[in-house]
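What follows is a single structure, written as structure tokens, with notes after it.
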Amino acid sequence: MTNSSKRVGSTGFSRFVAMFAKEFIQLRRDRVTFATMIIVPLMQLLLFGFAINTNPHNLPTAILLQEHNDIGRAIVAALENTKYFEVSHIAQSSAELDHWIKSGEVLFGVEIPANFARDVRRGDNPSMLVVADATDPVAAGTALGALDGIVKTALRGLHAIPLDNSSTPPFTISTQRRYNPAGVTSLNIVPGLLGTILTMTMLIFTSLSVTREVERGTMESLLAMPIDPLQIMLGKITPYIVVGFAQAAIILVAGVTIFSVPVDGSLALLIVMTILFVTATLSVGYTFSTIARNQLQAIQMSMMFFLPNILLSGFMFPFSGMPGWAQVIGELLPLTHYLRMVRGIMLKGADTGDLSTQIVWLTALMLASMAIAVTRFRRTLD
Amino acid sequence: MSDQENNSSDIAIQVEGLTKSFGDKVVVRDLSMTVHRGQIYGFLGPNGSGKTTTIRMLCGLLTPDSGRGTCLGYDILKDSRLIKERVGYMTQRFSLYQDLTIKENLEFVARIYGLRSPTRAARDAIDRLGLNGRENQLAGELSGGWKQRLALGACILPSPDLLLLDEPTAGVDPKARRDFWNEIHALAADGLTVLVSTHYMDEAERCHQIAYLAYGKLLTHGSVEDVIRKARLETWTVTAPDLHALAIELENTPGVDMVAPFGNSLHVSGRDRQVLERTVENFKKREGQVWERSEPSLEDVFIDLMQGTSDNFSGAAPR
């Protein structure tokens, strides 16, 4: 026996070192895991740190001016000066204003009625209307709170305005919190959870489906059989559409019965949109499945995708409060569009017309990820 | 058995100049071969010699870097979908679904190949395999021998014209191995062409034709007798009191190209007949040694072939 193969009597510590060294080597060799440990947390820190804002500013606002004059302009300027409101739409009728609020394009609608300027100058204390989409009580709340401040200051310095120290303010703002007047958080959260829970489970299901075949060695056989990538994908996704549908039904029933969330709009539309969303999410998961080398990587990729879905989709933080670049990322997530659909249908009674933008987005995202998945699918073992 | 348009040809596989690399490792180099219909063609060679890669190129699982050829009359580069319809491929690793039952696995295969009655086809296969009463057992619970029989059963279920078997008997007991080979011969007698890779010499000897690959190159091919004859190897058997010491001494003696212990004797082989004979004459004079001229075995030939080839990649074998 050579010298190097003699035993000196192993201690518990040297066995620990052996195990430790082995784990470390394996960890270092698995590049993807290594990347997720170092790069991803840093990326997420920067991404979410800058994107998330619990005190949202520059919220999209539509205005409807029944008359055009210096007082109307001064009030709009004062609204924008608060930094909470940003006039993004000019409405021509109150129907248009309502549509934008319902479809979620704006969070606030401001209406200045006819003869408003005349009444202010007469000291009649006229009233203007601010309508808020209160589905998300947090986003609407702070902005509405800032309104009081502008009543006194907005018209300062304008010609022929009653003095500041007069006992009555020059005008009043009547606010209307739509869809969730009591500001109940669960009304906003439960429909959001429907989308979030579906995203989580659907992603995990399909992201494992191809990698599992590769890991267990069944993929080699499957590839040698006369079956096309599209047939494989559709065959793998369809069972989970049924699963996702059942899951959605459970959450909906619980939401309605336990949390008293209303379903104001069409249930049929909600079902169709849910199927569309589930299919889109499954396609994303399937795409991961074709990229990941093993099941662990597939799970890691799903988690990496899941976090921005929670944080940037408008589920936890107001979407319109995020900076522009973060909103762009958000628009690329299926959950963002589904959340708007679910909240729209359940809380606002939105119909197909109100949701057309979201439907187009979601369909496009679904087709895009399906196309990526089918082209990414390795037909050979090369 | 075959009803396709080119049954005038009796050639099942014909390839020329197949080459495949992974990264900068050439795994198969300029390989040309012809396999006739109804033959059992044995593919031999050490681990990492390119057997699996070649088989995968034949059934469209890998794309060759260069070279061309046909499989059952179809172009291996363009018609892989058509080839897949008519080829049964049994992978080295058990690749049926472990969490499906025997019956479910067979029905799955039958449906993929579009058999008219998948349920009946599966039931017939279960009868043929002798798995009656166990059809609802999970495939993953079967023993190695039964897994291999089931995998073969699944391969031949769609009645292919060509079977590609990649080390089908690895880790299977001798009895099961023998049964397996009897089955292969029965299938070949019915006109099925079989390309089978193996490490076992006794299996090689049961093939109609064999080819020997090492380091991606086809070193020799033909019937077993052809291959042994072409090697022009001279072999002697010697028994002596201290075989180990003798083997070490012989290895450094002129004329001796290979020494291999076989039980209580050594096989001593050389390519140069005259030099080897002179060496043997010298050793015969020693006491206690019995030298006898013998026929080289297939294994002697293969080991000699391997030693004659330079190892062009000493790294790990490809996937």
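The chains in the structure tokens are called A, B, ... from first to last as shown; in each chain the residues are counted from 1, and the ligands are counted from 1 in the order shown.
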Problem set entry | Picked from region 83-302 of chain B by DSSP as strand (DSSP E or B), as an NGL selection string | :B and (87-90 or 101 or 138 or 162-166 or 193-198 or 209-214 or 217-222 or 234-239 or 258-262 or 265-270 or 290-294)
For this session: Give as a PyMOL selection string every residue of chain A that touches chain B within 9 Å, counting only C-alpha atoms.
Result: chain A and resi 213+216-228+379-382
Please dump the current selection as a compact mmCIF listing (two decimals), in the first residue's frame; keep N, CA, C and O atoms.
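again39.txt written:
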```txt
# COMPACT_ATOMS: atom_id res chain seq x y z
N GLU A 213 -39.21 15.60 -18.08
CA GLU A 213 -38.98 14.56 -19.09
C GLU A 213 -37.50 14.44 -19.43
O GLU A 213 -36.98 13.35 -19.64
N ARG A 216 -35.71 12.74 -16.37
CA ARG A 216 -36.00 11.31 -16.19
C ARG A 216 -35.60 10.48 -17.40
O ARG A 216 -35.75 9.27 -17.39
N GLY A 217 -35.16 11.14 -18.47
CA GLY A 217 -34.70 10.41 -19.64
C GLY A 217 -35.80 10.02 -20.60
O GLY A 217 -35.54 9.36 -21.60
N THR A 218 -37.03 10.43 -20.32
CA THR A 218 -38.11 10.05 -21.22
C THR A 218 -38.14 10.94 -22.45
O THR A 218 -38.74 10.57 -23.46
N MET A 219 -37.47 12.10 -22.38
CA MET A 219 -37.48 13.01 -23.53
C MET A 219 -36.81 12.39 -24.74
O MET A 219 -37.25 12.58 -25.86
N GLU A 220 -35.76 11.61 -24.50
CA GLU A 220 -35.03 11.00 -25.62
C GLU A 220 -35.96 10.10 -26.43
O GLU A 220 -35.97 10.14 -27.66
N SER A 221 -36.75 9.31 -25.73
CA SER A 221 -37.72 8.44 -26.40
C SER A 221 -38.77 9.25 -27.12
O SER A 221 -39.14 8.95 -28.25
N LEU A 222 -39.25 10.27 -26.43
CA LEU A 222 -40.33 11.09 -26.97
C LEU A 222 -39.88 11.76 -28.28
O LEU A 222 -40.62 11.82 -29.25
N LEU A 223 -38.63 12.25 -28.28
CA LEU A 223 -38.12 12.92 -29.48
C LEU A 223 -37.94 11.95 -30.64
O LEU A 223 -37.96 12.37 -31.79
N ALA A 224 -37.74 10.68 -30.32
CA ALA A 224 -37.56 9.69 -31.39
C ALA A 224 -38.89 9.23 -31.94
O ALA A 224 -38.94 8.44 -32.87
N MET A 225 -39.98 9.72 -31.35
CA MET A 225 -41.31 9.32 -31.82
C MET A 225 -41.85 10.37 -32.78
O MET A 225 -41.47 11.53 -32.73
N PRO A 226 -42.78 9.97 -33.65
CA PRO A 226 -43.32 10.93 -34.61
C PRO A 226 -44.35 11.86 -33.97
O PRO A 226 -45.54 11.70 -34.17
N ILE A 227 -43.89 12.83 -33.19
CA ILE A 227 -44.79 13.82 -32.60
C ILE A 227 -44.11 15.18 -32.68
O ILE A 227 -42.89 15.28 -32.53
N ASP A 228 -44.89 16.24 -32.99
CA ASP A 228 -44.32 17.57 -33.20
C ASP A 228 -44.31 18.38 -31.92
O ASP A 228 -45.12 18.17 -31.03
N ARG A 379 -35.90 20.06 -30.76
CA ARG A 379 -36.39 18.88 -31.47
C ARG A 379 -35.36 17.77 -31.47
O ARG A 379 -35.65 16.62 -31.74
N THR A 380 -34.11 18.14 -31.27
CA THR A 380 -33.05 17.14 -31.27
C THR A 380 -32.29 17.27 -29.96
O THR A 380 -32.57 18.14 -29.15
N LEU A 381 -31.32 16.41 -29.77
CA LEU A 381 -30.52 16.47 -28.54
C LEU A 381 -29.23 17.26 -28.78
O LEU A 381 -28.36 17.28 -27.94
N ASP A 382 -29.10 17.91 -29.96
CA ASP A 382 -27.87 18.63 -30.30
C ASP A 382 -27.50 19.63 -29.23
O ASP A 382 -28.36 20.31 -28.71
```
Exercise. Leaving out Asn55 (chain A) and any residue of its chain fewer than 6 positions from it, which residues lie within 12 Å of it when counting only C-alpha atoms, given as a list of chain:residue names?
Worked result: A:Lys83, A:Tyr84, A:Pro137, A:Val138, A:Ala139, A:Ala140, A:Gly141, A:Thr142, A:Ala143, A:Gly145, A:Phe317, A:Pro318, A:Phe319, A:Ser320, A:Gly321, A:Met322
Restricting it to N, CA, C and O atoms, dump the selection as a short mmCIF file (atom, residue, chain, number, x, y, z; two decimals), in the first residue's frame.
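Ended up saving to again.cif:
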```cif
data_model
loop_
_atom_site.label_atom_id
_atom_site.label_comp_id
_atom_site.auth_asym_id
_atom_site.auth_seq_id
_atom_site.Cartn_x
_atom_site.Cartn_y
_atom_site.Cartn_z
N LYS A 83 -48.71 67.57 -7.48
CA LYS A 83 -47.88 66.43 -7.93
C LYS A 83 -48.62 65.10 -7.85
O LYS A 83 -48.11 64.08 -8.28
N TYR A 84 -49.81 65.09 -7.30
CA TYR A 84 -50.55 63.83 -7.24
C TYR A 84 -51.29 63.57 -8.54
O TYR A 84 -51.43 62.44 -8.97
N PRO A 137 -57.83 51.54 -2.45
CA PRO A 137 -58.04 52.65 -1.52
C PRO A 137 -56.76 53.42 -1.25
O PRO A 137 -56.80 54.63 -1.01
N VAL A 138 -55.60 52.73 -1.30
CA VAL A 138 -54.34 53.40 -0.98
C VAL A 138 -54.00 54.45 -2.02
O VAL A 138 -53.66 55.58 -1.72
N ALA A 139 -54.11 54.04 -3.31
CA ALA A 139 -53.73 54.95 -4.39
C ALA A 139 -54.61 56.19 -4.38
O ALA A 139 -54.13 57.31 -4.55
N ALA A 140 -55.90 55.99 -4.17
CA ALA A 140 -56.83 57.12 -4.26
C ALA A 140 -56.75 58.01 -3.03
O ALA A 140 -56.88 59.23 -3.12
N GLY A 141 -56.53 57.40 -1.88
CA GLY A 141 -56.64 58.10 -0.60
C GLY A 141 -55.80 59.35 -0.45
O GLY A 141 -56.33 60.43 -0.21
N THR A 142 -54.47 59.22 -0.62
CA THR A 142 -53.59 60.36 -0.38
C THR A 142 -53.87 61.49 -1.34
O THR A 142 -53.84 62.67 -0.96
N ALA A 143 -54.15 61.12 -2.60
CA ALA A 143 -54.40 62.17 -3.60
C ALA A 143 -55.66 62.96 -3.23
O ALA A 143 -55.67 64.19 -3.29
N GLY A 145 -56.83 63.42 -0.36
CA GLY A 145 -56.52 64.22 0.82
C GLY A 145 -55.89 65.55 0.47
O GLY A 145 -56.01 66.54 1.20
N PHE A 317 -48.84 47.27 -5.08
CA PHE A 317 -48.62 48.71 -5.07
C PHE A 317 -49.30 49.32 -6.29
O PHE A 317 -49.40 48.67 -7.31
N PRO A 318 -49.76 50.56 -6.16
CA PRO A 318 -50.48 51.18 -7.28
C PRO A 318 -49.63 51.23 -8.54
O PRO A 318 -48.50 51.72 -8.52
N PHE A 319 -50.17 50.68 -9.63
CA PHE A 319 -49.43 50.62 -10.88
C PHE A 319 -49.06 52.01 -11.37
O PHE A 319 -47.93 52.26 -11.78
N SER A 320 -50.04 52.94 -11.28
CA SER A 320 -49.80 54.26 -11.86
C SER A 320 -48.83 55.08 -11.02
O SER A 320 -48.37 56.13 -11.45
N GLY A 321 -48.49 54.59 -9.85
CA GLY A 321 -47.53 55.30 -9.03
C GLY A 321 -46.09 54.96 -9.36
O GLY A 321 -45.16 55.57 -8.85
N MET A 322 -45.89 53.97 -10.27
CA MET A 322 -44.52 53.55 -10.57
C MET A 322 -43.95 54.43 -11.67
O MET A 322 -44.68 54.98 -12.49
#
```
Which residues are near region 268-282 of chain B? Cut-off 10 Å, only C-alpha atoms, ignore same chain within fewer than 2 positions. Put them as a short mmCIF file (atom, residue, chain, number, x, y, z; two decimals) with N, CA, C and O atoms, in the first residue's frame.
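Dumped to result_14.cif:
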```cif
data_model
loop_
_atom_site.label_atom_id
_atom_site.label_comp_id
_atom_site.auth_asym_id
_atom_site.auth_seq_id
_atom_site.Cartn_x
_atom_site.Cartn_y
_atom_site.Cartn_z
N ALA B 231 -7.92 -9.37 -38.77
CA ALA B 231 -7.02 -8.83 -37.74
C ALA B 231 -5.62 -9.41 -37.87
O ALA B 231 -4.64 -8.81 -37.41
N ARG B 232 -5.49 -10.60 -38.51
CA ARG B 232 -4.19 -11.28 -38.69
C ARG B 232 -3.42 -11.32 -37.37
O ARG B 232 -2.26 -10.94 -37.29
N LEU B 233 -4.09 -11.82 -36.38
CA LEU B 233 -3.50 -11.87 -35.05
C LEU B 233 -3.07 -13.30 -34.76
O LEU B 233 -3.79 -14.24 -35.09
N GLU B 234 -1.90 -13.44 -34.18
CA GLU B 234 -1.38 -14.75 -33.80
C GLU B 234 -1.52 -14.85 -32.29
O GLU B 234 -1.09 -13.96 -31.56
N THR B 235 -2.17 -15.92 -31.83
CA THR B 235 -2.39 -16.01 -30.39
C THR B 235 -1.90 -17.34 -29.83
O THR B 235 -2.07 -18.40 -30.43
N TRP B 236 -1.25 -17.25 -28.68
CA TRP B 236 -0.80 -18.43 -27.94
C TRP B 236 -1.40 -18.37 -26.54
O TRP B 236 -1.64 -17.30 -26.01
N THR B 237 -1.59 -19.59 -25.99
CA THR B 237 -2.04 -19.65 -24.61
C THR B 237 -0.91 -20.24 -23.78
O THR B 237 -0.28 -21.21 -24.21
N VAL B 238 -0.65 -19.65 -22.63
CA VAL B 238 0.44 -20.17 -21.79
C VAL B 238 -0.05 -20.34 -20.35
O VAL B 238 -0.82 -19.52 -19.85
N ALA B 247 3.37 -12.22 -17.10
CA ALA B 247 2.64 -11.24 -17.92
C ALA B 247 3.43 -9.94 -18.03
O ALA B 247 3.58 -9.39 -19.12
N LEU B 250 6.35 -10.52 -20.31
CA LEU B 250 5.97 -10.69 -21.71
C LEU B 250 5.64 -9.37 -22.38
O LEU B 250 5.90 -9.16 -23.57
N GLU B 251 5.04 -8.48 -21.61
CA GLU B 251 4.60 -7.21 -22.19
C GLU B 251 5.75 -6.42 -22.81
O GLU B 251 5.55 -5.63 -23.72
N THR B 253 8.37 -7.79 -24.26
CA THR B 253 9.15 -8.69 -25.11
C THR B 253 8.79 -8.44 -26.57
O THR B 253 7.62 -8.22 -26.88
N PRO B 254 9.79 -8.45 -27.46
CA PRO B 254 9.49 -8.21 -28.87
C PRO B 254 8.50 -9.23 -29.43
O PRO B 254 8.54 -10.40 -29.05
N GLY B 255 7.61 -8.78 -30.29
CA GLY B 255 6.65 -9.67 -30.93
C GLY B 255 5.34 -9.77 -30.18
O GLY B 255 4.32 -10.16 -30.74
N VAL B 256 5.36 -9.43 -28.89
CA VAL B 256 4.14 -9.53 -28.08
C VAL B 256 3.43 -8.17 -28.07
O VAL B 256 3.99 -7.18 -27.62
N ASP B 257 2.25 -8.14 -28.65
CA ASP B 257 1.51 -6.88 -28.67
C ASP B 257 0.47 -6.80 -27.56
O ASP B 257 0.02 -5.74 -27.19
N MET B 258 0.09 -7.97 -27.06
CA MET B 258 -0.99 -7.95 -26.08
C MET B 258 -0.91 -9.17 -25.18
O MET B 258 -0.69 -10.28 -25.66
N VAL B 259 -1.07 -8.96 -23.89
CA VAL B 259 -1.13 -10.07 -22.94
C VAL B 259 -2.40 -9.88 -22.12
O VAL B 259 -2.64 -8.81 -21.59
N ALA B 260 -3.21 -10.94 -22.06
CA ALA B 260 -4.45 -10.82 -21.29
C ALA B 260 -4.64 -12.08 -20.45
O ALA B 260 -4.58 -13.18 -20.97
N PRO B 261 -4.81 -11.93 -19.14
CA PRO B 261 -5.05 -13.11 -18.30
C PRO B 261 -6.46 -13.66 -18.50
O PRO B 261 -7.43 -12.91 -18.57
N SER B 265 -4.63 -19.07 -17.29
CA SER B 265 -3.70 -18.96 -18.41
C SER B 265 -3.63 -17.52 -18.89
O SER B 265 -4.42 -16.67 -18.47
N LEU B 266 -2.65 -17.29 -19.79
CA LEU B 266 -2.52 -15.97 -20.40
C LEU B 266 -2.74 -16.13 -21.90
O LEU B 266 -2.32 -17.11 -22.49
N LYS B 284 9.54 -21.26 -24.16
CA LYS B 284 9.20 -22.67 -24.01
C LYS B 284 10.29 -23.44 -23.27
O LYS B 284 10.03 -24.45 -22.62
N LYS B 285 11.55 -22.92 -23.38
CA LYS B 285 12.68 -23.63 -22.76
C LYS B 285 12.60 -23.58 -21.24
O LYS B 285 13.20 -24.37 -20.55
N ARG B 286 11.86 -22.56 -20.73
CA ARG B 286 11.81 -22.43 -19.27
C ARG B 286 10.97 -23.55 -18.66
O ARG B 286 10.06 -24.09 -19.28
N TRP B 291 3.10 -23.89 -23.43
CA TRP B 291 2.62 -22.99 -24.50
C TRP B 291 1.80 -23.76 -25.51
O TRP B 291 2.19 -24.83 -25.94
N GLU B 292 0.68 -23.17 -25.92
CA GLU B 292 -0.14 -23.82 -26.96
C GLU B 292 -0.62 -22.77 -27.93
O GLU B 292 -1.05 -21.68 -27.54
N ARG B 293 -0.57 -23.12 -29.21
CA ARG B 293 -1.10 -22.20 -30.23
C ARG B 293 -2.62 -22.23 -30.14
O ARG B 293 -3.22 -23.29 -29.97
N SER B 294 -3.26 -21.06 -30.20
CA SER B 294 -4.72 -21.06 -30.13
C SER B 294 -5.29 -20.00 -31.09
O SER B 294 -4.53 -19.22 -31.66
N GLU B 295 -6.59 -20.03 -31.24
CA GLU B 295 -7.27 -19.06 -32.10
C GLU B 295 -7.50 -17.77 -31.32
O GLU B 295 -7.89 -17.81 -30.15
N PRO B 296 -7.27 -16.62 -31.94
CA PRO B 296 -7.59 -15.39 -31.23
C PRO B 296 -9.10 -15.26 -31.06
O PRO B 296 -9.86 -15.63 -31.95
N ASP B 300 -9.75 -10.63 -28.03
CA ASP B 300 -8.34 -10.36 -28.32
C ASP B 300 -8.22 -9.37 -29.45
O ASP B 300 -7.43 -8.43 -29.41
N VAL B 301 -9.05 -9.59 -30.48
CA VAL B 301 -8.99 -8.73 -31.66
C VAL B 301 -9.37 -7.30 -31.29
O VAL B 301 -8.70 -6.34 -31.67
N ASP B 304 -6.78 -5.52 -29.20
CA ASP B 304 -5.65 -5.18 -30.06
C ASP B 304 -5.98 -3.96 -30.91
O ASP B 304 -5.16 -3.06 -31.07
#
```
For this session: Fewer than 3 positions away in the same chain doesn't count, so skip those; otherwise give me all residues within 10 Å of Ile241 (chain A), counting only C-alpha atoms, as a VMD selection string.
Result: chain A and resid 202 236 to 238 244 to 247 274 to 282
Using C-alpha atoms, can you write the selected residues to a file as a compact mmCIF listing (two decimals), in the first residue's frame?
```
# COMPACT_ATOMS: atom_id res chain seq x y z
CA MET A 202 -49.67 27.54 -13.30
CA LYS A 236 -48.99 19.26 -21.91
CA ILE A 237 -50.74 22.60 -21.35
CA THR A 238 -54.39 21.65 -21.80
CA GLY A 244 -56.43 26.46 -13.42
CA PHE A 245 -60.11 26.81 -14.14
CA ALA A 246 -61.04 24.72 -11.12
CA GLN A 247 -58.65 26.74 -8.98
CA THR A 274 -59.57 33.59 -16.82
CA ILE A 275 -59.06 30.86 -19.42
CA LEU A 276 -57.16 33.32 -21.60
CA PHE A 277 -54.96 34.34 -18.67
CA VAL A 278 -54.34 30.77 -17.51
CA THR A 279 -53.30 29.78 -21.01
CA ALA A 280 -50.95 32.77 -21.27
CA THR A 281 -49.33 31.96 -17.91
CA LEU A 282 -49.00 28.28 -18.81
```
For this session: Can you pull out every residue within 6 Å of region 327-340 of chain A, counting only C-alpha atoms, but drop anything in the same chain fewer than 4 positions away, and send it as a list in words?
Result: Gly192, Leu312, Ser313, Gly344, Gln358 and Leu362 of chain A
Pull all heavy atoms from the residues just selected and write them as an mmCIF file, in the first residue's frame.
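again.cif, written as the output of this step:
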```cif
data_model
loop_
_atom_site.group_PDB
_atom_site.id
_atom_site.type_symbol
_atom_site.label_atom_id
_atom_site.label_comp_id
_atom_site.auth_asym_id
_atom_site.auth_seq_id
_atom_site.Cartn_x
_atom_site.Cartn_y
_atom_site.Cartn_z
ATOM 1 N N GLY A 192 -57.248 40.450 -6.836
ATOM 2 C CA GLY A 192 -55.822 40.401 -7.141
ATOM 3 C C GLY A 192 -55.226 39.052 -6.810
ATOM 4 O O GLY A 192 -54.420 38.501 -7.568
ATOM 5 N N LEU A 312 -44.842 44.483 -9.474
ATOM 6 C CA LEU A 312 -44.972 45.486 -10.536
ATOM 7 C C LEU A 312 -46.289 45.414 -11.296
ATOM 8 O O LEU A 312 -46.516 46.166 -12.222
ATOM 9 C CB LEU A 312 -43.812 45.351 -11.544
ATOM 10 C CG LEU A 312 -42.388 45.474 -11.004
ATOM 11 C CD1 LEU A 312 -41.384 45.428 -12.145
ATOM 12 C CD2 LEU A 312 -42.204 46.754 -10.208
ATOM 13 N N SER A 313 -47.161 44.468 -10.928
ATOM 14 C CA SER A 313 -48.377 44.305 -11.716
ATOM 15 C C SER A 313 -49.501 45.199 -11.229
ATOM 16 O O SER A 313 -50.543 45.292 -11.858
ATOM 17 C CB SER A 313 -48.844 42.859 -11.619
ATOM 18 O OG SER A 313 -49.203 42.576 -10.283
ATOM 19 N N GLY A 344 -61.845 45.120 -12.954
ATOM 20 C CA GLY A 344 -62.830 45.803 -13.787
ATOM 21 C C GLY A 344 -64.157 45.066 -13.802
ATOM 22 O O GLY A 344 -65.216 45.659 -13.592
ATOM 23 N N GLN A 358 -56.891 45.460 -22.703
ATOM 24 C CA GLN A 358 -56.310 44.358 -21.917
ATOM 25 C C GLN A 358 -56.429 43.020 -22.648
ATOM 26 O O GLN A 358 -55.534 42.188 -22.591
ATOM 27 C CB GLN A 358 -56.983 44.248 -20.546
ATOM 28 C CG GLN A 358 -57.283 45.562 -19.851
ATOM 29 C CD GLN A 358 -56.055 46.416 -19.670
ATOM 30 O OE1 GLN A 358 -54.938 45.908 -19.686
ATOM 31 N NE2 GLN A 358 -56.242 47.712 -19.529
ATOM 32 N N LEU A 362 -53.260 40.726 -23.532
ATOM 33 C CA LEU A 362 -53.130 39.376 -22.977
ATOM 34 C C LEU A 362 -53.024 38.335 -24.093
ATOM 35 O O LEU A 362 -52.195 37.422 -24.025
ATOM 36 C CB LEU A 362 -54.341 39.093 -22.072
ATOM 37 C CG LEU A 362 -54.174 37.990 -21.038
ATOM 38 C CD1 LEU A 362 -52.914 38.176 -20.224
ATOM 39 C CD2 LEU A 362 -55.379 37.962 -20.109
#
```
Exercise. Could you name the residues that touch Pro323 (chain A) at 10 Å or less, counting only C-alpha atoms, but leaving out those on the same chain fewer than 4 positions away, as a PyMOL selection string?
Worked result: chain A and resi 50-53+56-58+319+327-328
Problem set entry | Point-to-point distance from CA of Arg29 (chain B) to CA of Gly17 (chain B), Å rounded to tenths | 7.4 Å
